[in-house]
Amino acid sequence: MKIRTATVSDARALVALNQSVQDMHADAIPERFRRDVPEETVEHAFRAMIQAPSSYWLVTEEDQPIAFVSAEFREREESWCLVRHRVCYLAGIVVAPRFRRRGIARALLDEVKREADARDVASIELDVWAFNEQARQAFTRLGFRVVMERMTLSARTPNH
Ligand SMILES: CC(C)(COP(=O)(O)OP(=O)(O)OC[C@H]1O[C@@H](n2cnc3c(N)ncnc32)[C@H](O)[C@@H]1OP(=O)(O)O)[C@@H](O)C(=O)NCCC(=O)NCCS
């Protein structure tokens, strides 16, 4: 098993890997996540994201890609309330179902940590939906700690 940087030629395989995760989000939150998006549309978006200067995408490969992580390195300018800082935002991590619980996410994250350290970035951040209990447990085991919570309130009035 090998970890390498993703290239645009991986886009199609990564879209396929991501499909069940997109479906899982669409099942859980249909009002927010799209379903049945044409594959070419997703592939086009993945290609653009892989090529973006701020992006850092890794693939785990056996004969073909079986997992990936997508991260973004960003410099945040000082604002009226925040100090200038660098962040590594982990936009996605997906391991093919039959390869889970073998340490692949941990190995990918170790690489991202190495890269973040080399770029003088102190921490890696991600967002995870509350329903995604398995991913939340895995992230906790991987050392992530909750630092912020997003809360929602239904704006619908009864009988609306
Ligand atoms: C979350 C995910 C990436 C984890 O990948 P993985 O390769 O199975 O994770 P690892 O094998 O490296 O496990 C890392 C740690 O998390 C734990 N872990 C992994 N899956 C877990 C689960 N379902 N429940 C509880 N703990 C879990 C492992 O035991 C391990 O901890 P340990 O080393 O202390 O034992 C994988 O389940 C996945 O692809 N899920 C679907 C995609 C997804 O939801 N991504 C996140 C969207 S924000």
# chains A, B, ... in the order shown; residues from 1 in each chain; ligands from 1
>>> closest_atom_pairs(of="chain A", to="ligand 1", cutoff="6 Å", atoms="only C-alpha atoms and all ligand atoms", output="tab-separated table")
residue	atom	partner	partner_atom_place_in_ligand_line	distance
A:Val21	CA	ligand 1	42 (C)	5.4
A:Gly92	CA	ligand 1	48 (S)	5.7
A:Ile93	CA	ligand 1	45 (N)	5.0
A:Val94	CA	ligand 1	39 (O)	3.6
A:Val95	CA	ligand 1	39 (O)	3.7
A:Arg100	CA	ligand 1	8 (O)	3.4
A:Arg101	CA	ligand 1	11 (O)	3.3
A:Arg102	CA	ligand 1	11 (O)	4.1
A:Gly103	CA	ligand 1	12 (O)	3.2
A:Ile104	CA	ligand 1	7 (O)	3.9
A:Ala105	CA	ligand 1	12 (O)	3.7
A:Arg106	CA	ligand 1	12 (O)	3.8
A:Val128	CA	ligand 1	48 (S)	4.4
A:Gln134	CA	ligand 1	23 (N)	3.9
A:Ala135	CA	ligand 1	1 (C)	3.9
A:Gln137	CA	ligand 1	25 (C)	4.6
A:Ala138	CA	ligand 1	16 (O)	3.4
A:Arg141	CA	ligand 1	31 (O)	4.7
A:Leu142	CA	ligand 1	15 (C)	5.3
>>> residues_around(residues="segment 48-55 of chain A", least_positions_apart="6", cutoff="9 Å", atoms="only C-alpha atoms", output="VMD selection string")
chain A and resid 6 to 8 11 70 to 74
>>> write_last_selection(atoms="N, CA and C atoms", output="short mmCIF file (atom, residue, chain, number, x, y, z; two decimals), in the first residue's frame")
data_model
loop_
_atom_site.label_atom_id
_atom_site.label_comp_id
_atom_site.auth_asym_id
_atom_site.auth_seq_id
_atom_site.Cartn_x
_atom_site.Cartn_y
_atom_site.Cartn_z
N ALA A 6 -2.11 13.20 -5.13
CA ALA A 6 -3.11 12.97 -6.18
C ALA A 6 -2.82 13.86 -7.38
N THR A 7 -3.20 13.37 -8.55
CA THR A 7 -3.09 14.19 -9.77
C THR A 7 -4.48 14.24 -10.41
N VAL A 8 -4.62 15.12 -11.40
CA VAL A 8 -5.94 15.23 -12.04
C VAL A 8 -6.39 13.92 -12.66
N ALA A 11 -8.89 11.94 -10.70
CA ALA A 11 -10.19 12.54 -10.37
C ALA A 11 -11.34 11.54 -10.49
N SER A 70 -8.26 15.24 1.23
CA SER A 70 -8.09 16.52 0.55
C SER A 70 -7.94 17.59 1.63
N ALA A 71 -6.87 18.35 1.50
CA ALA A 71 -6.62 19.40 2.48
C ALA A 71 -6.33 20.70 1.74
N GLU A 72 -6.53 21.80 2.45
CA GLU A 72 -6.26 23.12 1.87
C GLU A 72 -5.40 23.90 2.84
N PHE A 73 -4.34 24.47 2.33
CA PHE A 73 -3.51 25.33 3.17
C PHE A 73 -3.85 26.78 2.86
N ARG A 74 -4.21 27.50 3.90
CA ARG A 74 -4.62 28.89 3.70
C ARG A 74 -3.96 29.82 4.71
#
>>> closest_residue(among="A:Leu90, A:Leu153, A:Ala122, A:Met148", to="Leu58 of chain A", atoms="only C-alpha atoms")
A:Leu90
>>> select_by_dssp(residues="segment 6-134 of chain A", states="strand (DSSP E or B)", output="ChimeraX atom specification")
/A:55-61,65-76,85-95,124-125
>>> select_by_dssp(residues="chain A", states="alpha helix (DSSP H)", output="JSON, numbers by chain")
{"A": [11, 12, 13, 14, 15, 16, 17, 18, 19, 20, 21, 22, 23, 24, 25, 26, 27, 28, 39, 40, 41, 42, 43, 44, 45, 46, 47, 48, 49, 50, 51, 104, 105, 106, 107, 108, 109, 110, 111, 112, 113, 114, 115, 116, 117, 118, 133, 134, 135, 136, 137, 138, 139, 140, 141]}
>>> residues_around(residues="Leu14 of chain A", least_positions_apart="2", cutoff="8 Å", atoms="only C-alpha atoms", output="list in words")
Asp10, Ala11, Arg12, Ala16, Leu17, Asn18, Pro65, Ala67 and Phe68 of chain A
>>> closest_residue(among="A:Glu77, A:Glu39, A:Glu61, A:Asp127", to="Phe139 of chain A", atoms="only C-alpha atoms")
A:Asp127
>>> closest_residue(among="A:Arg84, A:Arg98, A:His25, A:Arg32", to="Val121 of chain A", atoms="only C-alpha atoms")
A:Arg84
>>> decode(residues="segment 84-128 of chain A", atoms="N, CA and C atoms", output="PDB file, in the first residue's frame")
ATOM      1  N   ARG A  84      -3.388  37.165  12.445  1.00  0.00           N
ATOM      2  CA  ARG A  84      -2.997  36.501  11.210  1.00  0.00           C
ATOM      3  C   ARG A  84      -2.595  35.069  11.548  1.00  0.00           C
ATOM      4  N   HIS A  85      -3.068  34.104  10.754  1.00  0.00           N
ATOM      5  CA  HIS A  85      -2.697  32.722  11.056  1.00  0.00           C
ATOM      6  C   HIS A  85      -2.790  31.849   9.814  1.00  0.00           C
ATOM      7  N   ARG A  86      -2.110  30.732   9.891  1.00  0.00           N
ATOM      8  CA  ARG A  86      -2.153  29.765   8.794  1.00  0.00           C
ATOM      9  C   ARG A  86      -2.977  28.581   9.233  1.00  0.00           C
ATOM     10  N   VAL A  87      -3.791  28.059   8.309  1.00  0.00           N
ATOM     11  CA  VAL A  87      -4.577  26.880   8.668  1.00  0.00           C
ATOM     12  C   VAL A  87      -4.419  25.797   7.621  1.00  0.00           C
ATOM     13  N   CYS A  88      -4.558  24.579   8.090  1.00  0.00           N
ATOM     14  CA  CYS A  88      -4.697  23.447   7.183  1.00  0.00           C
ATOM     15  C   CYS A  88      -6.107  22.939   7.402  1.00  0.00           C
ATOM     16  N   TYR A  89      -6.949  23.095   6.377  1.00  0.00           N
ATOM     17  CA  TYR A  89      -8.343  22.660   6.492  1.00  0.00           C
ATOM     18  C   TYR A  89      -8.514  21.340   5.753  1.00  0.00           C
ATOM     19  N   LEU A  90      -8.945  20.362   6.518  1.00  0.00           N
ATOM     20  CA  LEU A  90      -9.120  19.031   5.931  1.00  0.00           C
ATOM     21  C   LEU A  90     -10.542  18.951   5.369  1.00  0.00           C
ATOM     22  N   ALA A  91     -10.662  19.091   4.065  1.00  0.00           N
ATOM     23  CA  ALA A  91     -11.989  19.185   3.452  1.00  0.00           C
ATOM     24  C   ALA A  91     -12.649  17.825   3.311  1.00  0.00           C
ATOM     25  N   GLY A  92     -11.865  16.762   3.177  1.00  0.00           N
ATOM     26  CA  GLY A  92     -12.478  15.445   3.032  1.00  0.00           C
ATOM     27  C   GLY A  92     -11.482  14.329   3.281  1.00  0.00           C
ATOM     28  N   ILE A  93     -12.005  13.244   3.816  1.00  0.00           N
ATOM     29  CA  ILE A  93     -11.171  12.036   3.951  1.00  0.00           C
ATOM     30  C   ILE A  93     -12.108  10.839   3.766  1.00  0.00           C
ATOM     31  N   VAL A  94     -11.749   9.987   2.848  1.00  0.00           N
ATOM     32  CA  VAL A  94     -12.598   8.847   2.516  1.00  0.00           C
ATOM     33  C   VAL A  94     -11.736   7.604   2.340  1.00  0.00           C
ATOM     34  N   VAL A  95     -12.138   6.539   3.023  1.00  0.00           N
ATOM     35  CA  VAL A  95     -11.481   5.239   2.845  1.00  0.00           C
ATOM     36  C   VAL A  95     -12.544   4.283   2.306  1.00  0.00           C
ATOM     37  N   ALA A  96     -12.242   3.532   1.273  1.00  0.00           N
ATOM     38  CA  ALA A  96     -13.214   2.581   0.710  1.00  0.00           C
ATOM     39  C   ALA A  96     -13.664   1.627   1.817  1.00  0.00           C
ATOM     40  N   PRO A  97     -14.977   1.316   1.866  1.00  0.00           N
ATOM     41  CA  PRO A  97     -15.518   0.547   2.997  1.00  0.00           C
ATOM     42  C   PRO A  97     -14.717  -0.700   3.360  1.00  0.00           C
ATOM     43  N   ARG A  98     -14.286  -1.484   2.382  1.00  0.00           N
ATOM     44  CA  ARG A  98     -13.633  -2.738   2.778  1.00  0.00           C
ATOM     45  C   ARG A  98     -12.198  -2.567   3.286  1.00  0.00           C
ATOM     46  N   PHE A  99     -11.687  -1.329   3.220  1.00  0.00           N
ATOM     47  CA  PHE A  99     -10.324  -1.085   3.713  1.00  0.00           C
ATOM     48  C   PHE A  99     -10.312  -0.293   5.029  1.00  0.00           C
ATOM     49  N   ARG A 100     -11.523  -0.092   5.584  1.00  0.00           N
ATOM     50  CA  ARG A 100     -11.581   0.710   6.826  1.00  0.00           C
ATOM     51  C   ARG A 100     -11.077  -0.069   8.022  1.00  0.00           C
ATOM     52  N   ARG A 101     -10.752   0.640   9.070  1.00  0.00           N
ATOM     53  CA  ARG A 101     -10.261   0.092  10.347  1.00  0.00           C
ATOM     54  C   ARG A 101      -8.944  -0.659  10.186  1.00  0.00           C
ATOM     55  N   ARG A 102      -8.123  -0.202   9.248  1.00  0.00           N
ATOM     56  CA  ARG A 102      -6.785  -0.793   9.076  1.00  0.00           C
ATOM     57  C   ARG A 102      -5.698   0.259   9.214  1.00  0.00           C
ATOM     58  N   GLY A 103      -6.049   1.437   9.674  1.00  0.00           N
ATOM     59  CA  GLY A 103      -5.037   2.466   9.884  1.00  0.00           C
ATOM     60  C   GLY A 103      -4.754   3.346   8.676  1.00  0.00           C
ATOM     61  N   ILE A 104      -5.612   3.273   7.645  1.00  0.00           N
ATOM     62  CA  ILE A 104      -5.339   4.081   6.440  1.00  0.00           C
ATOM     63  C   ILE A 104      -5.576   5.569   6.709  1.00  0.00           C
ATOM     64  N   ALA A 105      -6.677   5.902   7.374  1.00  0.00           N
ATOM     65  CA  ALA A 105      -6.926   7.320   7.690  1.00  0.00           C
ATOM     66  C   ALA A 105      -5.789   7.856   8.562  1.00  0.00           C
ATOM     67  N   ARG A 106      -5.349   7.054   9.517  1.00  0.00           N
ATOM     68  CA  ARG A 106      -4.250   7.495  10.392  1.00  0.00           C
ATOM     69  C   ARG A 106      -2.984   7.762   9.564  1.00  0.00           C
ATOM     70  N   ALA A 107      -2.684   6.883   8.627  1.00  0.00           N
ATOM     71  CA  ALA A 107      -1.471   7.056   7.804  1.00  0.00           C
ATOM     72  C   ALA A 107      -1.587   8.311   6.930  1.00  0.00           C
ATOM     73  N   LEU A 108      -2.780   8.547   6.365  1.00  0.00           N
ATOM     74  CA  LEU A 108      -2.970   9.753   5.547  1.00  0.00           C
ATOM     75  C   LEU A 108      -2.822  11.007   6.405  1.00  0.00           C
ATOM     76  N   LEU A 109      -3.420  10.953   7.577  1.00  0.00           N
ATOM     77  CA  LEU A 109      -3.347  12.113   8.463  1.00  0.00           C
ATOM     78  C   LEU A 109      -1.908  12.380   8.922  1.00  0.00           C
ATOM     79  N   ASP A 110      -1.145  11.325   9.145  1.00  0.00           N
ATOM     80  CA  ASP A 110       0.266  11.512   9.517  1.00  0.00           C
ATOM     81  C   ASP A 110       1.010  12.295   8.429  1.00  0.00           C
ATOM     82  N   GLU A 111       0.700  11.982   7.169  1.00  0.00           N
ATOM     83  CA  GLU A 111       1.340  12.714   6.058  1.00  0.00           C
ATOM     84  C   GLU A 111       0.915  14.177   6.046  1.00  0.00           C
ATOM     85  N   VAL A 112      -0.393  14.410   6.267  1.00  0.00           N
ATOM     86  CA  VAL A 112      -0.878  15.799   6.288  1.00  0.00           C
ATOM     87  C   VAL A 112      -0.203  16.558   7.428  1.00  0.00           C
ATOM     88  N   LYS A 113      -0.055  15.886   8.587  1.00  0.00           N
ATOM     89  CA  LYS A 113       0.604  16.536   9.733  1.00  0.00           C
ATOM     90  C   LYS A 113       2.033  16.909   9.382  1.00  0.00           C
ATOM     91  N   ARG A 114       2.735  15.982   8.730  1.00  0.00           N
ATOM     92  CA  ARG A 114       4.130  16.266   8.342  1.00  0.00           C
ATOM     93  C   ARG A 114       4.194  17.503   7.438  1.00  0.00           C
ATOM     94  N   GLU A 115       3.282  17.536   6.464  1.00  0.00           N
ATOM     95  CA  GLU A 115       3.255  18.661   5.526  1.00  0.00           C
ATOM     96  C   GLU A 115       2.901  19.962   6.253  1.00  0.00           C
ATOM     97  N   ALA A 116       1.937  19.881   7.159  1.00  0.00           N
ATOM     98  CA  ALA A 116       1.524  21.074   7.909  1.00  0.00           C
ATOM     99  C   ALA A 116       2.692  21.591   8.743  1.00  0.00           C
ATOM    100  N   ASP A 117       3.398  20.682   9.382  1.00  0.00           N
ATOM    101  CA  ASP A 117       4.529  21.082  10.204  1.00  0.00           C
ATOM    102  C   ASP A 117       5.598  21.751   9.323  1.00  0.00           C
ATOM    103  N   ALA A 118       5.851  21.156   8.152  1.00  0.00           N
ATOM    104  CA  ALA A 118       6.860  21.715   7.243  1.00  0.00           C
ATOM    105  C   ALA A 118       6.469  23.118   6.779  1.00  0.00           C
ATOM    106  N   ARG A 119       5.154  23.379   6.699  1.00  0.00           N
ATOM    107  CA  ARG A 119       4.686  24.706   6.272  1.00  0.00           C
ATOM    108  C   ARG A 119       4.413  25.636   7.457  1.00  0.00           C
ATOM    109  N   ASP A 120       4.853  25.195   8.615  1.00  0.00           N
ATOM    110  CA  ASP A 120       4.707  25.999   9.832  1.00  0.00           C
ATOM    111  C   ASP A 120       3.241  26.274  10.178  1.00  0.00           C
ATOM    112  N   VAL A 121       2.421  25.279   9.969  1.00  0.00           N
ATOM    113  CA  VAL A 121       1.005  25.368  10.331  1.00  0.00           C
ATOM    114  C   VAL A 121       0.811  24.577  11.618  1.00  0.00           C
ATOM    115  N   ALA A 122       0.214  25.240  12.589  1.00  0.00           N
ATOM    116  CA  ALA A 122       0.168  24.625  13.918  1.00  0.00           C
ATOM    117  C   ALA A 122      -0.924  23.577  14.069  1.00  0.00           C
ATOM    118  N   SER A 123      -2.046  23.742  13.343  1.00  0.00           N
ATOM    119  CA  SER A 123      -3.129  22.784  13.579  1.00  0.00           C
ATOM    120  C   SER A 123      -3.906  22.479  12.303  1.00  0.00           C
ATOM    121  N   ILE A 124      -4.581  21.345  12.355  1.00  0.00           N
ATOM    122  CA  ILE A 124      -5.383  20.867  11.229  1.00  0.00           C
ATOM    123  C   ILE A 124      -6.838  20.885  11.686  1.00  0.00           C
ATOM    124  N   GLU A 125      -7.698  21.464  10.817  1.00  0.00           N
ATOM    125  CA  GLU A 125      -9.093  21.604  11.220  1.00  0.00           C
ATOM    126  C   GLU A 125     -10.001  20.885  10.241  1.00  0.00           C
ATOM    127  N   LEU A 126     -11.152  20.476  10.740  1.00  0.00           N
ATOM    128  CA  LEU A 126     -12.154  19.891   9.854  1.00  0.00           C
ATOM    129  C   LEU A 126     -13.533  20.145  10.418  1.00  0.00           C
ATOM    130  N   ASP A 127     -14.539  19.969   9.565  1.00  0.00           N
ATOM    131  CA  ASP A 127     -15.936  20.001  10.001  1.00  0.00           C
ATOM    132  C   ASP A 127     -16.505  18.614   9.798  1.00  0.00           C
ATOM    133  N   VAL A 128     -17.343  18.191  10.711  1.00  0.00           N
ATOM    134  CA  VAL A 128     -18.000  16.893  10.538  1.00  0.00           C
ATOM    135  C   VAL A 128     -19.449  17.059  10.977  1.00  0.00           C
TER     136      VAL A 128
END
